[in-house]
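Next comes work21.cif, with mmCIF, C-alpha atoms.
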```cif
data_start
loop_
_atom_site.label_atom_id
_atom_site.label_comp_id
_atom_site.auth_asym_id
_atom_site.auth_seq_id
_atom_site.Cartn_x
_atom_site.Cartn_y
_atom_site.Cartn_z
CA MET H 202 121.55 72.23 93.95
CA ALA H 203 119.42 72.34 97.10
CA VAL H 204 120.94 70.22 99.87
CA LEU H 205 119.64 68.60 103.02
CA ASP H 206 120.56 69.99 106.42
CA ASP H 207 122.74 67.88 108.73
CA ARG H 208 119.82 66.20 110.50
CA ALA H 209 118.03 65.28 107.28
CA ALA H 210 121.30 64.08 105.73
CA ALA H 211 121.93 61.81 108.73
CA ARG H 212 118.41 60.43 108.38
CA ARG H 213 119.01 59.79 104.67
CA LEU H 214 122.26 57.99 105.48
CA ALA H 215 120.41 55.76 107.96
CA ASP H 216 117.76 54.97 105.34
CA ARG H 217 120.12 54.35 102.41
CA PHE H 218 123.09 52.60 104.05
CA GLY H 219 120.94 50.94 106.69
CA PHE H 220 117.25 50.29 107.34
CA GLY H 221 116.33 53.48 109.15
CA PRO H 222 116.55 54.62 112.78
CA HIS H 223 115.88 52.62 115.91
CA PRO H 224 113.27 54.23 118.21
CA GLY H 225 114.87 56.30 120.95
CA GLU H 226 118.42 55.84 119.64
CA PRO H 227 120.76 58.34 117.95
CA LEU H 228 121.05 58.14 114.19
CA PRO H 229 123.95 55.85 113.25
CA ALA H 230 127.27 57.23 112.03
CA LEU H 231 128.80 56.07 108.75
CA ASP H 232 131.34 53.87 110.57
CA ASP H 233 128.51 52.07 112.34
CA LEU H 234 126.66 51.49 109.06
CA LEU H 235 129.75 50.03 107.37
CA SER H 236 130.81 47.80 110.25
CA PRO H 237 130.58 43.99 109.96
CA GLY H 238 127.87 44.00 112.60
CA SER H 239 127.10 41.41 115.22
CA ALA H 240 127.85 37.71 114.89
CA ARG H 241 125.35 35.81 112.78
CA GLN H 242 123.60 32.73 114.13
CA ALA H 243 122.33 31.21 110.90
CA PRO H 244 119.63 28.54 111.08
CA ARG H 245 120.73 24.96 110.67
CA LEU H 246 119.04 23.46 107.67
CA ALA H 247 118.87 19.67 107.57
CA ALA H 248 119.34 17.72 104.38
CA LEU H 249 116.17 17.59 102.33
CA PRO H 250 114.27 14.29 102.05
CA ASP H 251 114.99 12.03 99.11
CA ARG H 252 113.72 13.57 95.87
CA LYS H 253 111.80 10.36 95.19
CA ASP H 254 109.35 11.44 97.87
CA LYS H 255 108.31 14.61 96.03
CA LYS H 256 105.63 15.66 98.51
CA ALA H 257 107.89 15.40 101.56
CA GLU H 258 110.75 17.07 99.73
CA LYS H 259 108.57 19.97 98.57
CA GLN H 260 107.12 20.51 102.04
CA ALA H 261 110.52 20.42 103.73
CA ARG H 262 111.96 22.84 101.16
CA ALA H 263 109.07 25.29 101.66
CA GLU H 264 109.45 25.14 105.44
CA GLN H 265 113.19 25.75 105.20
CA GLU H 266 112.75 28.66 102.82
CA GLN H 267 110.19 30.29 105.12
CA ARG H 268 112.43 29.78 108.13
CA LEU H 269 115.41 31.21 106.26
CA THR H 270 113.47 34.24 105.05
CA ILE H 271 112.09 35.13 108.48
CA TRP H 272 115.55 34.69 110.01
CA TRP H 273 117.10 37.09 107.50
CA LEU H 274 114.34 39.67 107.92
CA ASP H 275 114.94 39.52 111.69
CA ARG H 276 118.64 40.06 111.04
CA MET H 277 117.87 43.10 108.90
CA VAL H 278 115.70 44.60 111.62
CA ALA H 279 118.46 44.11 114.20
CA ASP H 280 121.63 44.92 112.27
CA ASP H 281 122.41 47.45 109.54
CA ALA H 282 125.27 45.25 108.37
CA GLU H 283 122.61 43.31 106.48
CA ARG H 284 122.01 46.29 104.19
CA LEU H 285 125.02 45.43 102.02
CA THR H 286 124.13 41.74 102.15
CA TRP H 287 120.73 42.74 100.77
CA PHE H 288 122.34 44.88 98.06
CA TRP H 289 124.53 42.03 96.83
CA HIS H 290 121.60 39.63 96.85
CA GLY H 291 119.95 41.93 94.35
CA HIS H 292 123.13 42.45 92.33
CA PHE H 293 124.07 38.77 91.99
CA ALA H 294 120.38 37.90 91.87
CA THR H 295 119.84 34.17 92.47
CA SER H 296 116.44 32.59 93.09
CA GLU H 297 115.37 29.64 95.17
CA GLN H 298 112.69 29.06 92.54
CA LYS H 299 115.30 27.31 90.40
CA VAL H 300 118.01 26.48 92.94
CA ARG H 301 115.51 24.55 95.08
CA GLU H 302 117.95 24.08 97.95
CA PRO H 303 117.63 26.61 100.81
CA SER H 304 120.96 25.49 102.24
CA LEU H 305 122.72 26.68 99.08
CA MET H 306 120.88 30.01 99.22
CA LEU H 307 121.99 30.40 102.84
CA ALA H 308 125.61 29.63 101.94
CA GLN H 309 125.51 32.28 99.21
CA ASN H 310 123.94 34.74 101.64
CA GLU H 311 126.78 34.11 104.06
CA THR H 312 129.24 34.88 101.25
CA PHE H 313 127.55 38.22 100.59
CA HIS H 314 127.75 39.08 104.28
CA ARG H 315 131.35 37.95 104.70
CA LEU H 316 132.85 39.49 101.56
CA GLY H 317 130.40 42.24 100.62
CA ARG H 318 132.23 45.14 102.26
CA GLY H 319 135.74 44.25 101.09
CA ALA H 320 137.25 43.96 97.63
CA PHE H 321 134.85 43.29 94.77
CA THR H 322 137.48 40.97 93.26
CA GLY H 323 137.20 38.44 96.05
CA LEU H 324 133.42 38.57 96.02
CA ALA H 325 133.23 38.12 92.24
CA LYS H 326 135.70 35.21 92.22
CA THR H 327 133.72 33.44 94.91
CA LEU H 328 130.36 34.05 93.25
CA VAL H 329 131.40 32.81 89.82
CA VAL H 330 131.87 29.32 91.32
CA ASP H 331 129.22 29.62 94.03
CA PRO H 332 127.09 26.43 94.27
CA ALA H 333 123.74 28.25 94.15
CA MET H 334 124.96 30.35 91.22
CA LEU H 335 126.13 27.25 89.36
CA LYS H 336 122.63 25.78 89.65
CA TRP H 337 120.90 29.07 88.88
CA LEU H 338 122.89 29.85 85.72
CA ASP H 339 123.51 26.31 84.46
CA GLY H 340 127.17 26.08 85.40
CA ASN H 341 126.69 22.36 85.96
CA ASP H 342 126.07 22.01 82.23
CA ASN H 343 129.24 23.87 81.23
CA ARG H 344 131.89 21.42 80.06
CA VAL H 345 134.72 21.16 77.55
CA GLY H 346 133.38 20.61 74.05
CA SER H 347 129.88 21.76 75.05
CA PRO H 348 130.14 25.11 76.85
CA ASN H 349 127.03 26.68 78.35
CA GLU H 350 127.17 30.47 77.94
CA ASN H 351 124.57 31.46 80.53
CA LEU H 352 126.84 32.23 83.49
CA ALA H 353 129.51 33.89 81.35
CA ARG H 354 126.98 36.16 79.63
CA GLU H 355 125.27 37.26 82.84
CA PHE H 356 128.57 37.82 84.60
CA LEU H 357 129.67 40.17 81.85
CA GLU H 358 126.33 41.94 81.36
CA LEU H 359 124.77 42.10 84.82
CA PHE H 360 127.48 41.51 87.40
CA ALA H 361 130.69 43.15 86.17
CA LEU H 362 130.59 45.21 82.95
CA GLY H 363 127.13 46.16 81.71
CA VAL H 364 125.45 46.03 78.34
CA GLY H 365 127.50 46.82 75.26
CA HIS H 366 130.97 46.24 76.66
CA TYR H 367 131.66 42.77 75.28
CA SER H 368 131.23 40.81 72.04
CA GLU H 369 129.57 37.49 71.33
CA GLN H 370 133.03 35.99 70.90
CA ASP H 371 133.93 37.23 74.37
CA VAL H 372 130.87 35.41 75.72
CA ARG H 373 131.71 32.15 73.93
CA GLU H 374 135.34 32.19 75.04
CA SER H 375 134.44 33.24 78.58
CA ALA H 376 132.11 30.26 78.84
CA ARG H 377 135.05 28.01 77.99
CA ALA H 378 137.05 29.61 80.81
CA LEU H 379 134.31 28.70 83.28
CA THR H 380 134.06 25.02 82.30
CA GLY H 381 134.73 22.28 84.82
CA TRP H 382 133.00 23.71 87.88
CA THR H 383 130.11 21.62 89.15
CA LEU H 384 128.02 21.20 92.26
CA ASP H 385 128.86 18.18 94.39
CA ARG H 386 125.37 17.16 95.50
CA LYS H 387 126.67 15.11 98.42
CA THR H 388 128.60 17.96 100.03
CA GLY H 389 126.75 20.99 98.61
CA ALA H 390 130.11 22.46 97.61
CA ALA H 391 131.47 23.50 94.24
CA ALA H 392 134.19 21.27 92.82
CA LEU H 393 136.49 21.60 89.82
CA LYS H 394 136.50 18.45 87.67
CA PRO H 395 139.58 18.52 85.43
CA GLN H 396 138.05 16.12 82.89
CA ARG H 397 135.28 18.67 82.25
CA GLN H 398 137.56 21.70 82.08
CA ASP H 399 138.67 23.31 78.81
CA ARG H 400 142.42 24.01 79.12
CA GLY H 401 142.91 25.26 75.58
CA PRO H 402 143.79 28.87 74.73
CA LYS H 403 140.87 31.33 74.75
CA GLN H 404 140.73 34.80 73.22
CA ILE H 405 138.80 37.24 75.42
CA PHE H 406 138.88 40.99 74.87
CA GLY H 407 141.65 40.48 72.33
CA ARG H 408 143.93 38.64 74.75
CA THR H 409 144.80 34.97 74.31
CA ALA H 410 145.66 32.67 77.21
CA ASP H 411 144.48 29.55 78.99
CA PHE H 412 142.01 31.51 81.07
CA THR H 413 140.41 29.76 84.06
CA ALA H 414 137.54 30.98 86.21
CA GLU H 415 139.88 32.98 88.45
CA SER H 416 141.96 34.57 85.70
CA PHE H 417 138.78 35.25 83.71
CA VAL H 418 137.42 37.34 86.60
CA ASP H 419 140.73 39.22 86.86
CA LEU H 420 140.63 39.96 83.14
CA VAL H 421 137.05 41.25 83.25
CA LEU H 422 137.53 43.43 86.32
CA GLU H 423 140.61 45.03 84.76
CA ARG H 424 138.38 46.52 82.08
CA PRO H 425 137.80 50.24 82.74
CA GLU H 426 134.06 49.76 82.25
CA SER H 427 133.91 47.44 85.27
CA ALA H 428 134.71 50.03 87.94
CA ALA H 429 132.21 52.44 86.39
CA PHE H 430 129.55 49.73 86.27
CA VAL H 431 129.94 48.42 89.84
CA THR H 432 130.10 51.87 91.43
CA GLY H 433 127.21 52.95 89.22
CA ARG H 434 125.08 50.13 90.59
CA LEU H 435 125.89 51.19 94.15
CA TRP H 436 124.79 54.70 93.28
CA PHE H 437 121.63 53.45 91.56
CA ARG H 438 120.42 51.44 94.56
CA LEU H 439 121.66 53.66 97.40
CA VAL H 440 121.44 57.21 96.07
CA SER H 441 119.37 57.76 92.96
CA PRO H 442 118.20 56.11 89.73
CA THR H 443 119.67 59.15 88.00
CA PRO H 444 123.38 58.53 87.28
CA PRO H 445 125.86 60.68 89.21
CA PRO H 446 127.43 63.68 87.46
CA PRO H 447 130.63 62.61 85.64
CA ASP H 448 132.96 64.38 88.07
CA VAL H 449 131.22 62.78 91.05
CA HIS H 450 131.36 59.35 89.46
CA GLN H 451 135.06 59.74 88.72
CA ARG H 452 135.79 60.52 92.36
CA VAL H 453 133.85 57.44 93.49
CA ILE H 454 135.70 55.31 90.93
CA ALA H 455 139.01 56.71 92.19
CA ALA H 456 138.08 55.71 95.76
CA TYR H 457 137.08 52.23 94.55
CA GLY H 458 140.55 52.13 93.01
CA PRO H 459 142.67 49.27 91.73
CA GLY H 460 141.87 47.35 94.92
CA ARG H 461 138.16 47.53 94.01
CA ASP H 462 137.38 48.57 97.56
CA ILE H 463 133.63 48.55 98.12
CA GLN H 464 133.80 50.24 101.51
CA ALA H 465 136.00 53.03 100.16
CA ALA H 466 133.53 53.60 97.33
CA LEU H 467 130.65 53.81 99.81
CA ARG H 468 132.53 56.32 101.94
CA ALA H 469 133.17 58.41 98.86
CA ILE H 470 129.48 58.28 97.91
CA ALA H 471 128.39 59.33 101.39
CA GLY H 472 130.88 62.21 101.38
CA GLU H 473 129.73 63.71 98.10
CA PRO H 474 127.58 66.87 98.26
CA ALA H 475 125.41 65.17 95.63
CA PHE H 476 124.44 62.61 98.29
CA ARG H 477 122.69 65.47 100.10
CA ASP H 478 120.88 66.69 96.98
CA THR H 479 117.20 67.01 97.86
CA ALA H 480 116.31 65.72 94.39
CA THR H 481 117.91 62.30 94.88
CA ALA H 482 114.86 60.46 96.16
CA ILE H 483 114.46 56.68 96.00
CA VAL H 484 111.30 54.61 96.28
CA LYS H 485 111.98 52.07 99.02
CA GLN H 486 111.97 48.48 97.91
CA PRO H 487 109.23 46.52 99.72
CA VAL H 488 111.69 44.64 101.92
CA GLU H 489 113.45 47.88 102.91
CA TRP H 490 110.09 49.50 103.66
CA LEU H 491 108.97 46.57 105.82
CA VAL H 492 112.24 46.20 107.73
CA GLY H 493 112.31 49.92 108.53
CA LEU H 494 108.69 49.76 109.67
CA LEU H 495 109.30 46.74 111.91
CA ARG H 496 112.32 48.46 113.42
CA ALA H 497 110.37 51.68 114.03
CA THR H 498 107.62 49.77 115.84
CA GLY H 499 109.86 47.64 118.04
CA LEU H 500 109.00 44.41 116.24
CA LYS H 501 110.77 41.58 114.46
CA ALA H 502 109.48 39.67 111.47
CA SER H 503 109.15 36.61 113.68
CA ASP H 504 106.62 38.51 115.86
CA LEU H 505 104.09 38.38 113.01
CA ASP H 506 102.14 35.56 111.37
CA PRO H 507 104.70 34.29 108.83
CA LYS H 508 102.20 33.43 106.13
CA LYS H 509 100.50 36.82 106.31
CA LEU H 510 103.85 38.57 106.37
CA LEU H 511 105.26 36.75 103.37
CA ASN H 512 101.99 37.01 101.46
CA GLY H 513 102.14 40.75 102.04
CA LEU H 514 105.64 40.99 100.60
CA ARG H 515 104.60 38.75 97.73
CA GLY H 516 101.69 41.07 97.02
CA MET H 517 104.09 44.01 96.92
CA GLY H 518 106.26 42.10 94.47
CA GLN H 519 109.36 41.24 96.48
CA LEU H 520 110.37 38.20 98.52
CA PRO H 521 113.93 37.61 99.75
CA PHE H 522 115.57 34.68 97.97
CA ARG H 523 113.04 35.01 95.13
CA PRO H 524 114.20 37.68 92.66
CA PRO H 525 112.14 37.48 89.47
CA SER H 526 115.14 37.05 87.19
CA VAL H 527 118.93 37.22 87.06
CA GLY H 528 118.47 40.95 86.49
CA GLY H 529 117.18 41.32 90.04
CA TRP H 530 114.25 43.42 91.16
CA PRO H 531 112.95 46.57 89.48
CA ALA H 532 113.18 50.03 91.00
CA GLY H 533 111.24 53.26 91.27
CA GLY H 534 107.67 53.35 90.06
CA ALA H 535 107.43 49.58 89.82
CA TRP H 536 106.77 49.59 93.58
CA LEU H 537 103.98 52.18 93.34
CA THR H 538 101.31 50.24 91.48
CA THR H 539 97.76 50.04 92.77
CA SER H 540 98.10 46.37 93.70
CA ALA H 541 101.37 47.04 95.54
CA GLY H 542 99.64 49.88 97.40
CA VAL H 543 96.84 47.62 98.58
CA ALA H 544 99.33 44.99 99.76
CA ARG H 545 101.37 47.68 101.52
CA LEU H 546 98.29 48.95 103.36
CA ASN H 547 97.34 45.45 104.52
CA LEU H 548 100.89 44.75 105.67
CA ALA H 549 101.03 48.08 107.51
CA ARG H 550 97.83 47.12 109.33
CA LEU H 551 99.35 43.77 110.29
CA VAL H 552 102.39 45.52 111.76
CA ALA H 553 100.24 48.16 113.51
CA GLN H 554 98.25 45.49 115.32
CA LYS H 555 101.42 44.20 116.99
CA ALA H 556 103.38 47.46 117.40
CA ARG H 557 104.78 48.11 120.86
CA ASP H 558 103.13 50.91 122.84
CA ASP H 559 106.43 52.66 123.62
CA ALA H 560 107.37 52.63 119.92
CA LEU H 561 103.96 54.08 119.04
CA GLY H 562 104.63 56.91 121.47
CA ARG H 563 107.82 57.81 119.58
CA LEU H 564 106.28 57.48 116.14
CA ARG H 565 106.46 61.14 115.14
CA GLU H 566 110.11 61.32 116.14
CA THR H 567 111.11 57.99 114.58
CA PHE H 568 109.36 58.68 111.29
CA GLY H 569 110.33 62.35 111.24
CA ILE H 570 106.68 63.23 110.64
CA ASP H 571 107.16 66.87 111.65
CA THR H 572 109.22 67.40 108.48
CA TRP H 573 106.53 65.97 106.18
CA SER H 574 104.26 67.96 103.89
CA ASP H 575 101.32 69.96 105.22
CA ARG H 576 98.96 67.72 103.29
CA THR H 577 100.28 64.53 104.87
CA ARG H 578 100.43 66.02 108.37
CA LYS H 579 96.84 67.17 108.01
CA ALA H 580 95.78 63.62 107.11
CA LEU H 581 97.67 62.26 110.10
CA ASP H 582 96.18 64.83 112.46
CA GLY H 583 92.77 63.35 111.63
CA VAL H 584 93.77 60.01 113.19
CA ALA H 585 96.16 61.34 115.84
CA LYS H 586 94.05 59.92 118.68
CA GLU H 587 94.26 56.41 117.24
CA PRO H 588 97.97 55.49 117.37
CA ARG H 589 97.68 52.24 115.43
CA THR H 590 95.66 53.87 112.66
CA LEU H 591 98.16 56.72 112.66
CA LEU H 592 100.94 54.20 112.17
CA THR H 593 99.11 52.51 109.29
CA VAL H 594 98.48 55.79 107.49
CA ALA H 595 102.00 57.11 108.12
CA ALA H 596 103.61 53.91 106.86
CA CYS H 597 101.80 54.33 103.53
CA ALA H 598 102.42 58.06 103.21
CA PRO H 599 104.59 59.20 100.29
CA GLU H 600 107.18 60.62 102.69
CA TYR H 601 107.74 57.18 104.20
CA VAL H 602 107.38 55.04 101.09
CA VAL H 603 109.93 57.25 99.33
CA SER H 604 113.31 57.91 100.93
CA GLY H 605 113.80 61.60 100.30
#
```

Take the structure in the file and write it out as structure tokens.
Amino acid sequence: MAVLDDRAAARRLADRFGFGPHPGEPLPALDDLLSPGSARQAPRLAALPDRKDKKAEKQARAEQEQRLTIWWLDRMVADDAERLTWFWHGHFATSEQKVREPSLMLAQNETFHRLGRGAFTGLAKTLVVDPAMLKWLDGNDNRVGSPNENLAREFLELFALGVGHYSEQDVRESARALTGWTLDRKTGAAALKPQRQDRGPKQIFGRTADFTAESFVDLVLERPESAAFVTGRLWFRLVSPTPPPPDVHQRVIAAYGPGRDIQAALRAIAGEPAFRDTATAIVKQPVEWLVGLLRATGLKASDLDPKKLLNGLRGMGQLPFRPPSVGGWPAGGAWLTTSAGVARLNLARLVAQKARDDALGRLRETFGIDTWSDRTRKALDGVAKEPRTLLTVAACAPEYVVSG
């Protein structure tokens, strides 16, 4: 196994556990990348107009979603603590397309940020009764005598266990355990309504009890497949689409432990020699690519025309708060299509037009261009006297689009 040297490994850590280096600053240490970060000042989102006025309600919702998206992109540029928030948004993928209430999406985002570096148990218990999740996966329709299986099925398959580790009976009985939780539209909070809750015995994974939402989560996370699945997803998004070698995975699972400690698992991943393997390359997701580019050029998302910015991300196939399905966003080659490449080039040009002069002067250092291939460096040398063109070309180069 060929491994990265210390400098390249530190750069990889900054790219994978954060959003890349800040111009003129030292590469962050692991402790910095796993810290809670600076205090968040979330936007205040007013109540939406009455749904009877569909035009006003739609316009207000679109404005709030845009405001929320730009705010979060700015947070990502400023603070690497948002990297884990972004990971959990993709893991517990929930879309404003169906939720249709930006305030609920913000509340869920705050949950990811608050709980996303602690114990997975607490995060999972909160998310299974999260208001946005209840709307997204039809929890409001889940009641005694008429259980809706959507949330139970996706929790088992996509959030906690993975495909093939449960039966259809487990899904049906799990749905019964999740009955009773609904969204209070007046307060925007989740509430348990006893008259809608099934308090009869349920048999899940061969065990019979009066499982509730909380005890259901405990039961699922006790399954040995759960630790392997959750740590495997961390590896998939932060290290490589190729699963870790069995011995490596077992050490990460051991660090995750009975406390289901996300931060301990991340430390174990970062400490593995396999993390330095030169073969573990990842295609950056469009949002990660953009945030790193904005950071490298001394910009924030709010410095750019919001419509052009969001249209660019949409053209690349990824908008925050808009995952395409409960399965989240794709990975790898899905981001390397011709249409995504055109959108990436246009967005790089938009950023280059606004890039700060001092950041342009540090471009080779910030991007690490001197370590790139001879072919790419030759292409860049041809535009070296035009810093903004150099930035555009470099931002679309394979060495920047792919985190190596």

- Just say which residues the PyMOL selection byres ((chain H and resi 376-393) around 8) picks in this file, as a PyMOL selection string. chain H and resi 305+330-332+335-336+340-341+343-345+348-354+372-375+394-400+403+411-414+417

Distance table requested - segment 346-411 of chain H against segment 419-423 of chain H, cut-off 12 Å, all atoms listed in the file: one row per qualifying residue with the closest atom pair and its distance in Å to one decimal, ordered by chain and rising residue number, as CSV.
```
residue,atom,partner,partner_atom,distance
H:Ala353,CA,H:Val421,CA,10.7
H:Arg354,CA,H:Val421,CA,11.8
H:Phe356,CA,H:Val421,CA,9.2
H:Leu357,CA,H:Val421,CA,7.6
H:Glu358,CA,H:Val421,CA,10.9
H:Phe360,CA,H:Leu422,CA,10.3
H:Ala361,CA,H:Leu422,CA,6.8
H:Leu362,CA,H:Val421,CA,7.6
H:Gly363,CA,H:Val421,CA,11.2
H:His366,CA,H:Val421,CA,10.3
H:Tyr367,CA,H:Val421,CA,9.7
H:Asp371,CA,H:Val421,CA,10.2
H:Val372,CA,H:Val421,CA,11.4
H:Ser375,CA,H:Val421,CA,9.6
H:Ala378,CA,H:Leu420,CA,11.2
H:Gln404,CA,H:Leu420,CA,11.2
H:Ile405,CA,H:Leu420,CA,8.4
H:Phe406,CA,H:Leu420,CA,8.5
H:Gly407,CA,H:Leu420,CA,10.9
H:Arg408,CA,H:Leu420,CA,9.1
H:Thr409,CA,H:Leu420,CA,11.0
H:Ala410,CA,H:Leu420,CA,10.7
H:Asp411,CA,H:Leu420,CA,11.8
```

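Picture a line from atom CA of Pro303 of chain H to atom CA of Lys485 of chain H; it runs 26.1 Å.
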
- Explicit residues for the PyMOL selection byres ((chain H and resi 231) around 12) (as a VMD selection string): chain H and resid 210 to 219 228 to 230 232 to 236 281 to 282 464 to 465 467 to 472

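Residue nearest His290 of chain H, chosen from H:Trp273, H:Tyr457, H:Trp573, H:Trp490 and counting all atoms listed in the file: H:Trp273.
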
- Just say which residues the PyMOL selection byres ((chain H and resi 529) around 10) picks in this file, as JSON, numbers by chain. {"H": [290, 291, 292, 293, 294, 295, 296, 359, 523, 524, 525, 526, 527, 528, 530, 531, 532]}

Place all heavy atoms on segment 471-478 of chain H and deliver the coordinates as a CSV table (one decimal), keeping the file's coordinate frame.
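The resulting file, selection02.csv, is shown below:
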```csv
chain,number,residue,atom,x,y,z
H,471,ALA,N,129.0,58.6,100.3
H,471,ALA,CA,128.4,59.3,101.4
H,471,ALA,C,129.0,60.7,101.6
H,471,ALA,O,128.3,61.6,102.1
H,471,ALA,CB,128.6,58.5,102.7
H,472,GLY,N,130.2,60.9,101.2
H,472,GLY,CA,130.9,62.2,101.4
H,472,GLY,C,130.6,63.2,100.3
H,472,GLY,O,131.0,64.4,100.4
H,473,GLU,N,130.0,62.8,99.2
H,473,GLU,CA,129.7,63.7,98.1
H,473,GLU,C,128.6,64.7,98.4
H,473,GLU,O,127.5,64.2,98.9
H,473,GLU,CB,129.4,62.9,96.8
H,473,GLU,CG,130.6,62.3,96.1
H,473,GLU,CD,131.4,63.4,95.5
H,473,GLU,OE1,130.9,64.5,95.2
H,473,GLU,OE2,132.6,63.1,95.3
H,474,PRO,N,128.7,66.0,98.1
H,474,PRO,CA,127.6,66.9,98.3
H,474,PRO,C,126.3,66.4,97.5
H,474,PRO,O,125.2,66.6,98.0
H,474,PRO,CB,128.1,68.2,97.7
H,474,PRO,CG,129.6,68.1,97.9
H,474,PRO,CD,130.0,66.7,97.7
H,475,ALA,N,126.5,65.7,96.4
H,475,ALA,CA,125.4,65.2,95.6
H,475,ALA,C,124.6,64.2,96.4
H,475,ALA,O,123.4,64.0,96.1
H,475,ALA,CB,125.9,64.5,94.3
H,476,PHE,N,125.2,63.5,97.4
H,476,PHE,CA,124.4,62.6,98.3
H,476,PHE,C,123.4,63.4,99.1
H,476,PHE,O,122.4,62.8,99.5
H,476,PHE,CB,125.4,61.9,99.2
H,476,PHE,CG,124.7,60.8,100.1
H,476,PHE,CD1,124.3,59.6,99.5
H,476,PHE,CD2,124.5,61.1,101.4
H,476,PHE,CE1,123.6,58.7,100.3
H,476,PHE,CE2,123.8,60.1,102.2
H,476,PHE,CZ,123.4,58.9,101.7
H,477,ARG,N,123.6,64.7,99.3
H,477,ARG,CA,122.7,65.5,100.1
H,477,ARG,C,121.7,66.2,99.2
H,477,ARG,O,120.9,66.9,99.7
H,477,ARG,CB,123.5,66.5,100.9
H,477,ARG,CG,124.3,65.9,102.1
H,477,ARG,CD,124.9,67.1,102.9
H,477,ARG,NE,125.5,66.6,104.1
H,477,ARG,CZ,125.4,67.3,105.3
H,477,ARG,NH1,124.8,68.4,105.3
H,477,ARG,NH2,126.0,66.8,106.4
H,478,ASP,N,121.8,66.0,97.9
H,478,ASP,CA,120.9,66.7,97.0
H,478,ASP,C,119.4,66.3,97.3
H,478,ASP,O,119.1,65.1,97.4
H,478,ASP,CB,121.2,66.3,95.6
H,478,ASP,CG,120.5,67.0,94.5
H,478,ASP,OD1,119.5,67.7,94.8
H,478,ASP,OD2,120.8,66.9,93.3
```
